[in-house]
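With CSV, N, CA and C atoms inside, this is final-v1.csv:
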```csv
chain,number,residue,atom,x,y,z
A,1,MET,N,-105.2,79.1,235.4
A,1,MET,CA,-104.8,78.2,234.3
A,1,MET,C,-103.4,77.6,234.6
A,2,GLY,N,-103.1,76.5,233.9
A,2,GLY,CA,-101.9,75.8,234.2
A,2,GLY,C,-100.8,76.3,233.2
A,3,LYS,N,-99.7,75.6,233.4
A,3,LYS,CA,-98.5,75.8,232.5
A,3,LYS,C,-97.7,74.6,232.3
A,4,LEU,N,-96.9,74.6,231.2
A,4,LEU,CA,-96.0,73.5,230.8
A,4,LEU,C,-94.6,74.0,230.9
A,5,SER,N,-93.8,73.3,231.6
A,5,SER,CA,-92.4,73.7,231.8
A,5,SER,C,-91.5,72.4,231.7
A,6,THR,N,-90.2,72.7,231.6
A,6,THR,CA,-89.2,71.6,231.5
A,6,THR,C,-87.9,72.1,232.1
A,7,HIS,N,-87.0,71.1,232.3
A,7,HIS,CA,-85.6,71.4,232.6
A,7,HIS,C,-84.8,70.2,232.3
A,8,VAL,N,-83.5,70.4,232.1
A,8,VAL,CA,-82.6,69.3,231.8
A,8,VAL,C,-81.5,69.2,232.9
A,9,LEU,N,-81.3,67.9,233.3
A,9,LEU,CA,-80.3,67.7,234.3
A,9,LEU,C,-79.3,66.7,233.7
A,10,ASP,N,-78.0,67.1,233.6
A,10,ASP,CA,-76.9,66.3,233.1
A,10,ASP,C,-76.3,65.5,234.2
A,11,VAL,N,-76.6,64.2,234.3
A,11,VAL,CA,-76.2,63.4,235.4
A,11,VAL,C,-74.7,63.0,235.2
A,12,THR,N,-74.1,63.2,234.1
A,12,THR,CA,-72.7,62.9,234.0
A,12,THR,C,-71.8,63.9,234.7
A,13,GLN,N,-72.3,65.1,234.8
A,13,GLN,CA,-71.6,66.2,235.4
A,13,GLN,C,-72.3,66.7,236.7
A,14,GLY,N,-73.5,66.1,237.0
A,14,GLY,CA,-74.2,66.5,238.2
A,14,GLY,C,-74.6,68.0,238.2
A,15,LYS,N,-75.0,68.5,237.0
A,15,LYS,CA,-75.3,69.9,236.9
A,15,LYS,C,-76.5,70.1,235.9
A,16,PRO,N,-77.0,71.3,235.9
A,16,PRO,CA,-78.0,71.6,234.9
A,16,PRO,C,-77.5,71.5,233.4
A,17,GLY,N,-78.3,71.0,232.5
A,17,GLY,CA,-77.9,71.0,231.1
A,17,GLY,C,-78.1,72.4,230.5
A,18,VAL,N,-77.0,73.1,230.3
A,18,VAL,CA,-77.0,74.5,229.8
A,18,VAL,C,-76.9,74.5,228.3
A,19,GLY,N,-77.8,75.2,227.6
A,19,GLY,CA,-77.7,75.3,226.2
A,19,GLY,C,-78.2,74.1,225.4
A,20,VAL,N,-79.1,73.4,226.0
A,20,VAL,CA,-79.8,72.2,225.3
A,20,VAL,C,-80.9,72.8,224.4
A,21,LYS,N,-80.8,72.5,223.1
A,21,LYS,CA,-81.9,72.9,222.2
A,21,LYS,C,-83.1,71.9,222.4
A,22,LEU,N,-84.3,72.5,222.4
A,22,LEU,CA,-85.5,71.6,222.5
A,22,LEU,C,-86.6,72.2,221.6
A,23,ALA,N,-87.5,71.3,221.2
A,23,ALA,CA,-88.6,71.7,220.4
A,23,ALA,C,-89.9,71.1,221.0
A,24,LEU,N,-91.0,71.8,221.0
A,24,LEU,CA,-92.3,71.3,221.5
A,24,LEU,C,-93.2,71.2,220.3
A,25,TYR,N,-93.9,70.0,220.2
A,25,TYR,CA,-94.8,69.7,219.2
A,25,TYR,C,-96.2,69.4,219.8
A,26,VAL,N,-97.3,69.7,219.1
A,26,VAL,CA,-98.6,69.2,219.4
A,26,VAL,C,-98.8,68.0,218.4
A,27,VAL,N,-99.4,66.9,218.9
A,27,VAL,CA,-99.6,65.8,218.1
A,27,VAL,C,-101.0,65.5,217.9
A,28,ASN,N,-101.5,65.4,216.6
A,28,ASN,CA,-102.9,65.0,216.4
A,28,ASN,C,-102.9,63.9,215.3
A,29,GLY,N,-103.0,62.7,215.8
A,29,GLY,CA,-103.0,61.5,214.9
A,29,GLY,C,-101.5,61.4,214.4
A,30,ASN,N,-101.4,61.4,213.1
A,30,ASN,CA,-100.0,61.3,212.5
A,30,ASN,C,-99.4,62.6,212.2
A,31,ASP,N,-100.1,63.7,212.5
A,31,ASP,CA,-99.6,65.0,212.3
A,31,ASP,C,-99.0,65.6,213.5
A,32,LYS,N,-97.8,66.3,213.3
A,32,LYS,CA,-97.2,67.0,214.4
A,32,LYS,C,-97.0,68.5,213.9
A,33,VAL,N,-97.3,69.4,214.8
A,33,VAL,CA,-97.1,70.8,214.5
A,33,VAL,C,-96.1,71.4,215.5
A,34,LEU,N,-95.1,72.0,215.1
A,34,LEU,CA,-94.1,72.7,215.9
A,34,LEU,C,-94.8,73.9,216.6
A,35,LEU,N,-94.7,73.9,217.9
A,35,LEU,CA,-95.3,75.0,218.7
A,35,LEU,C,-94.2,76.0,219.2
A,36,LYS,N,-93.1,75.5,219.5
A,36,LYS,CA,-92.1,76.3,220.1
A,36,LYS,C,-90.7,75.7,220.1
A,37,GLN,N,-89.7,76.5,220.0
A,37,GLN,CA,-88.3,76.0,220.1
A,37,GLN,C,-87.7,76.9,221.2
A,38,ALA,N,-86.8,76.3,221.9
A,38,ALA,CA,-86.1,77.0,223.0
A,38,ALA,C,-84.7,76.4,223.3
A,39,ILE,N,-83.9,77.1,224.1
A,39,ILE,CA,-82.6,76.7,224.5
A,39,ILE,C,-82.6,76.9,226.0
A,40,THR,N,-82.1,75.8,226.7
A,40,THR,CA,-82.1,75.9,228.2
A,40,THR,C,-81.1,77.0,228.7
A,41,ASN,N,-81.4,77.6,229.8
A,41,ASN,CA,-80.6,78.7,230.3
A,41,ASN,C,-79.5,78.1,231.3
A,42,SER,N,-78.9,79.0,232.1
A,42,SER,CA,-77.9,78.6,233.0
A,42,SER,C,-78.4,77.6,234.1
A,43,ASP,N,-79.7,77.6,234.3
A,43,ASP,CA,-80.2,76.6,235.3
A,43,ASP,C,-80.8,75.4,234.7
A,44,GLY,N,-80.6,75.2,233.3
A,44,GLY,CA,-81.1,74.1,232.6
A,44,GLY,C,-82.6,74.2,232.3
A,45,ARG,N,-83.1,75.4,232.5
A,45,ARG,CA,-84.6,75.6,232.3
A,45,ARG,C,-84.8,76.5,231.2
A,46,CYS,N,-86.0,76.6,230.7
A,46,CYS,CA,-86.4,77.7,229.7
A,46,CYS,C,-86.7,78.9,230.5
A,47,ASP,N,-86.5,80.1,229.8
A,47,ASP,CA,-86.7,81.4,230.5
A,47,ASP,C,-88.2,81.6,230.8
A,48,ALA,N,-89.1,81.0,230.1
A,48,ALA,CA,-90.5,81.2,230.3
A,48,ALA,C,-91.2,79.8,230.1
A,49,PRO,N,-92.4,79.6,230.6
A,49,PRO,CA,-93.1,78.4,230.4
A,49,PRO,C,-93.2,78.1,228.9
A,50,LEU,N,-93.2,76.9,228.5
A,50,LEU,CA,-93.4,76.5,227.1
A,50,LEU,C,-94.8,76.8,226.6
A,51,LEU,N,-95.8,76.6,227.5
A,51,LEU,CA,-97.2,76.9,227.2
A,51,LEU,C,-97.8,77.3,228.6
A,52,GLN,N,-98.7,78.2,228.5
A,52,GLN,CA,-99.4,78.6,229.7
A,52,GLN,C,-100.8,79.2,229.4
A,53,ASP,N,-101.6,79.3,230.4
A,53,ASP,CA,-103.0,79.9,230.3
A,53,ASP,C,-103.7,79.3,229.1
A,54,ASP,N,-104.3,80.2,228.3
A,54,ASP,CA,-105.1,79.7,227.2
A,54,ASP,C,-104.4,78.9,226.1
A,55,ALA,N,-103.1,79.0,226.0
A,55,ALA,CA,-102.3,78.3,225.1
A,55,ALA,C,-102.1,76.8,225.5
A,56,LEU,N,-102.3,76.5,226.7
A,56,LEU,CA,-102.2,75.1,227.2
A,56,LEU,C,-103.5,74.4,227.1
A,57,LEU,N,-103.5,73.5,226.2
A,57,LEU,CA,-104.8,72.7,225.9
A,57,LEU,C,-104.6,71.2,226.1
A,58,ALA,N,-105.7,70.6,226.4
A,58,ALA,CA,-105.6,69.1,226.6
A,58,ALA,C,-105.2,68.5,225.2
A,59,GLY,N,-104.4,67.4,225.3
A,59,GLY,CA,-104.0,66.8,224.1
A,59,GLY,C,-102.7,66.1,224.2
A,60,ARG,N,-102.2,65.6,223.1
A,60,ARG,CA,-100.9,64.9,223.1
A,60,ARG,C,-99.8,65.8,222.6
A,61,TYR,N,-98.6,65.7,223.2
A,61,TYR,CA,-97.5,66.6,222.9
A,61,TYR,C,-96.2,65.8,222.8
A,62,GLU,N,-95.2,66.3,222.2
A,62,GLU,CA,-93.8,65.8,222.2
A,62,GLU,C,-92.8,66.9,222.5
A,63,LEU,N,-91.9,66.6,223.4
A,63,LEU,CA,-90.7,67.4,223.6
A,63,LEU,C,-89.6,66.7,223.0
A,64,VAL,N,-88.8,67.3,222.1
A,64,VAL,CA,-87.6,66.7,221.5
A,64,VAL,C,-86.4,67.5,222.0
A,65,PHE,N,-85.5,66.8,222.6
A,65,PHE,CA,-84.3,67.4,223.2
A,65,PHE,C,-83.1,67.1,222.3
A,66,GLY,N,-82.2,68.0,222.0
A,66,GLY,CA,-81.0,67.7,221.3
A,66,GLY,C,-79.8,67.3,222.2
A,67,ALA,N,-80.0,66.2,222.9
A,67,ALA,CA,-79.1,65.7,223.9
A,67,ALA,C,-77.7,65.4,223.3
A,68,GLY,N,-77.7,64.7,222.2
A,68,GLY,CA,-76.4,64.3,221.5
A,68,GLY,C,-75.6,65.5,221.2
A,69,ASP,N,-76.2,66.5,220.6
A,69,ASP,CA,-75.5,67.8,220.3
A,69,ASP,C,-75.0,68.4,221.5
A,70,TYR,N,-75.8,68.4,222.6
A,70,TYR,CA,-75.3,69.0,223.9
A,70,TYR,C,-74.1,68.3,224.4
A,71,PHE,N,-74.1,67.0,224.4
A,71,PHE,CA,-72.9,66.2,225.0
A,71,PHE,C,-71.7,66.4,224.0
A,72,ALA,N,-71.9,66.4,222.7
A,72,ALA,CA,-70.8,66.7,221.8
A,72,ALA,C,-70.2,68.1,222.1
A,73,GLY,N,-71.0,69.1,222.4
A,73,GLY,CA,-70.6,70.4,222.7
A,73,GLY,C,-69.9,70.5,224.0
A,74,GLN,N,-70.1,69.5,224.9
A,74,GLN,CA,-69.4,69.5,226.2
A,74,GLN,C,-68.1,68.7,226.1
A,75,GLY,N,-67.7,68.3,224.9
A,75,GLY,CA,-66.5,67.6,224.7
A,75,GLY,C,-66.5,66.1,225.0
A,76,VAL,N,-67.7,65.5,225.2
A,76,VAL,CA,-67.9,64.1,225.6
A,76,VAL,C,-67.6,63.3,224.3
A,77,GLN,N,-66.7,62.2,224.5
A,77,GLN,CA,-66.4,61.3,223.4
A,77,GLN,C,-67.7,60.5,223.2
A,78,LEU,N,-68.3,60.6,222.0
A,78,LEU,CA,-69.5,59.8,221.7
A,78,LEU,C,-69.2,58.9,220.5
A,79,PRO,N,-69.9,57.7,220.5
A,79,PRO,CA,-69.7,56.8,219.3
A,79,PRO,C,-70.5,57.4,218.2
A,80,SER,N,-70.3,56.9,217.0
A,80,SER,CA,-71.0,57.2,215.8
A,80,SER,C,-71.7,56.0,215.2
A,81,PRO,N,-73.0,55.9,215.2
A,81,PRO,CA,-73.9,56.9,215.7
A,81,PRO,C,-74.0,56.9,217.2
A,82,ARG,N,-74.5,58.1,217.6
A,82,ARG,CA,-74.7,58.3,219.1
A,82,ARG,C,-75.7,57.3,219.7
A,83,PHE,N,-75.5,56.8,220.9
A,83,PHE,CA,-76.5,56.0,221.5
A,83,PHE,C,-77.7,56.8,221.9
A,84,VAL,N,-77.5,57.9,222.6
A,84,VAL,CA,-78.6,58.9,222.9
A,84,VAL,C,-78.3,60.1,222.1
A,85,ASP,N,-79.2,60.4,221.2
A,85,ASP,CA,-79.1,61.6,220.3
A,85,ASP,C,-80.2,62.5,220.6
A,86,GLU,N,-81.3,62.4,219.8
A,86,GLU,CA,-82.5,63.2,220.1
A,86,GLU,C,-83.4,62.4,221.0
A,87,VAL,N,-83.7,63.0,222.1
A,87,VAL,CA,-84.6,62.4,223.1
A,87,VAL,C,-86.0,62.9,222.9
A,88,VAL,N,-86.9,62.0,222.6
A,88,VAL,CA,-88.3,62.4,222.4
A,88,VAL,C,-89.1,61.9,223.5
A,89,ILE,N,-89.8,62.8,224.2
A,89,ILE,CA,-90.7,62.5,225.3
A,89,ILE,C,-92.1,62.8,224.8
A,90,ALA,N,-92.9,61.7,224.6
A,90,ALA,CA,-94.3,61.9,224.2
A,90,ALA,C,-95.2,61.8,225.5
A,91,PHE,N,-96.0,62.8,225.6
A,91,PHE,CA,-96.8,62.9,226.9
A,91,PHE,C,-98.2,63.5,226.6
A,92,GLY,N,-99.1,63.3,227.5
A,92,GLY,CA,-100.4,63.9,227.3
A,92,GLY,C,-100.8,64.9,228.4
A,93,ILE,N,-101.6,65.9,228.1
A,93,ILE,CA,-102.1,66.8,229.0
A,93,ILE,C,-103.6,66.6,229.1
A,94,ALA,N,-104.1,66.1,230.3
A,94,ALA,CA,-105.5,65.8,230.4
A,94,ALA,C,-106.2,67.0,231.0
A,95,ASP,N,-105.6,67.8,231.9
A,95,ASP,CA,-106.3,68.9,232.6
A,95,ASP,C,-105.4,70.1,232.5
A,96,PRO,N,-105.7,71.0,231.5
A,96,PRO,CA,-104.9,72.2,231.3
A,96,PRO,C,-105.0,73.2,232.4
A,97,ALA,N,-105.8,73.0,233.4
A,97,ALA,CA,-105.8,73.9,234.6
A,97,ALA,C,-104.6,73.5,235.5
A,98,GLN,N,-104.0,72.4,235.3
A,98,GLN,CA,-102.9,72.0,236.2
A,98,GLN,C,-101.6,72.4,235.6
A,99,ASN,N,-100.5,72.3,236.4
A,99,ASN,CA,-99.2,72.5,236.0
A,99,ASN,C,-98.6,71.2,235.6
A,100,TYR,N,-97.9,71.2,234.4
A,100,TYR,CA,-97.2,70.0,233.9
A,100,TYR,C,-95.7,70.4,233.8
A,101,HIS,N,-94.8,69.7,234.5
A,101,HIS,CA,-93.4,69.9,234.4
A,101,HIS,C,-92.8,68.6,233.9
A,102,VAL,N,-92.1,68.6,232.8
A,102,VAL,CA,-91.6,67.4,232.1
A,102,VAL,C,-90.1,67.6,232.0
A,103,PRO,N,-89.4,67.1,233.1
A,103,PRO,CA,-87.9,67.3,233.0
A,103,PRO,C,-87.2,66.1,232.3
A,104,LEU,N,-86.0,66.3,231.9
A,104,LEU,CA,-85.2,65.3,231.3
A,104,LEU,C,-83.9,65.1,232.1
A,105,VAL,N,-83.7,63.9,232.6
A,105,VAL,CA,-82.5,63.6,233.3
A,105,VAL,C,-81.7,62.7,232.4
A,106,VAL,N,-80.5,63.1,232.0
A,106,VAL,CA,-79.9,62.5,230.8
A,106,VAL,C,-78.4,62.4,231.0
A,107,SER,N,-77.9,61.3,230.3
A,107,SER,CA,-76.4,61.1,230.1
A,107,SER,C,-76.3,60.6,228.7
A,108,PRO,N,-75.1,60.4,228.2
A,108,PRO,CA,-74.9,59.9,226.8
A,108,PRO,C,-75.4,58.5,226.6
A,109,TRP,N,-75.7,57.8,227.8
A,109,TRP,CA,-76.1,56.4,227.7
A,109,TRP,C,-77.5,56.1,228.2
A,110,SER,N,-78.2,57.1,228.8
A,110,SER,CA,-79.5,56.8,229.3
A,110,SER,C,-80.3,58.1,229.6
A,111,TYR,N,-81.6,58.0,229.7
A,111,TYR,CA,-82.4,59.2,230.1
A,111,TYR,C,-83.6,58.7,230.8
A,112,SER,N,-84.2,59.6,231.6
A,112,SER,CA,-85.5,59.4,232.2
A,112,SER,C,-86.3,60.7,232.4
A,113,THR,N,-87.5,60.5,232.7
A,113,THR,CA,-88.4,61.7,232.9
A,113,THR,C,-89.4,61.3,234.0
A,114,TYR,N,-90.2,62.3,234.4
A,114,TYR,CA,-91.3,62.1,235.3
A,114,TYR,C,-92.2,63.3,235.2
A,115,ARG,N,-93.4,63.2,235.8
A,115,ARG,CA,-94.2,64.4,235.8
A,115,ARG,C,-94.1,65.1,237.1
A,116,GLY,N,-93.6,66.3,237.0
A,116,GLY,CA,-93.6,67.2,238.1
A,116,GLY,C,-94.7,68.2,238.0
A,117,SER,N,-94.7,69.2,238.9
A,117,SER,CA,-95.8,70.2,238.9
A,117,SER,C,-95.2,71.6,238.9
```
Can you turn what I pasted into structure tokens?
Amino acid sequence: MGKLSTHVLDVTQGKPGVGVKLALYVVNGNDKVLLKQAITNSDGRCDAPLLQDDALLAGRYELVFGAGDYFAGQGVQLPSPRFVDEVVIAFGIADPAQNYHVPLVVSPWSYSTYRGS
């Protein structure tokens, strides 16, 4: 069976995003259900997969990262309101037997993601 994982890369400092709060939701139509909350570790990753084995199901999901709070905690001067605050990555899992890695590459002014394995 597969697993879902993530990590955060802070491109302003060229290092892992340590202590970033994130939440994982499953999305069904207009309904969202919180599945898990986590905080990234010293490598910018979660200590365990967000979902794995029988808990990883096909469907639509959202990862919500507290990027604005992270950068504020790093002492970065941010405008009010913040340009990048909560980063929402909406994605789908088609085959739960595969691994899905959904990283966040982020600065106070931009972000990107890709599907890893």
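Distances from A:Gly59, A:Gly14, A:Gly68, A:Pro108 to Asp95 of chain A were compared using only N, CA and C atoms, and the smallest one belongs to A:Gly59.
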Using all atoms listed in the file, which residues sit within 7 Å of segment 96-101 of chain A once same-chain residues fewer than 6 positions away are excluded, as a list in words?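 Counting all atoms listed in the file, the residues come to Met1, Gly2, Lys3, Leu4, Ser5, Thr6, His7, Leu56, Leu57, Ala58, Tyr114, Arg115, Gly116 and Ser117 of chain A.
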Do you know which residues are at most 8 Å from Val18 of chain A counting all atoms listed in the file, after dropping those on the same chain fewer than 3 positions away, and could you put them as a ChimeraX atom specification? /A:8-10,15,21,39-45,70
Could you pull out the strand (DSSP E or B) residues of chain A from DSSP and send them as a PyMOL selection string? chain A and resi 3-5+7-10+15-16+21-28+31-39+45+51-52+59-66+86-93+100-101+104-106+111-112+116
Mind listing as an NGL selection string all residues within 8 Å of (-76.2, 62.9, 228.1), counting all atoms listed in the file? :A and (9-12 or 67-68 or 70-72 or 84-85 or 105-111)
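You will find atom CA of Arg82 of chain A at 20.8 Å from atom CA of Glu62 of chain A.
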As an MDAnalysis selection string, which residues of chain A does DSSP assign to helix (DSSP H, G or I)? chainID A and resid 53:55 67:73
Length of the atom CA of Gly19 of chain A to atom CA of Val102 of chain A vector [Å]: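 Result for atom CA of Gly19 of chain A versus atom CA of Val102 of chain A: 17.0 Å, one decimal.
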What is the distance between atom N of Val27 of chain A and atom N of Asp47 of chain A, in Å to one decimal?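 Separation between atom N of Val27 of chain A and atom N of Asp47 of chain A: 21.4 Å.
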So which residues touch Ala23 of chain A within 12 Å, counting only C-alpha atoms, skipping near sequence neighbours fewer than 6 positions away, as a list in words?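 Close residues of Ala23 of chain A: Thr6, Lys32, Val33, Leu34, Leu35, Lys36, Gln37, Ala38, Ile39, Thr40, Cys46, Leu50, Tyr61, Glu62, Leu63, Val64, Phe65, Gly66, Ala67, Glu86, Val87, Val88, Ile89 and Ala90 of chain A.
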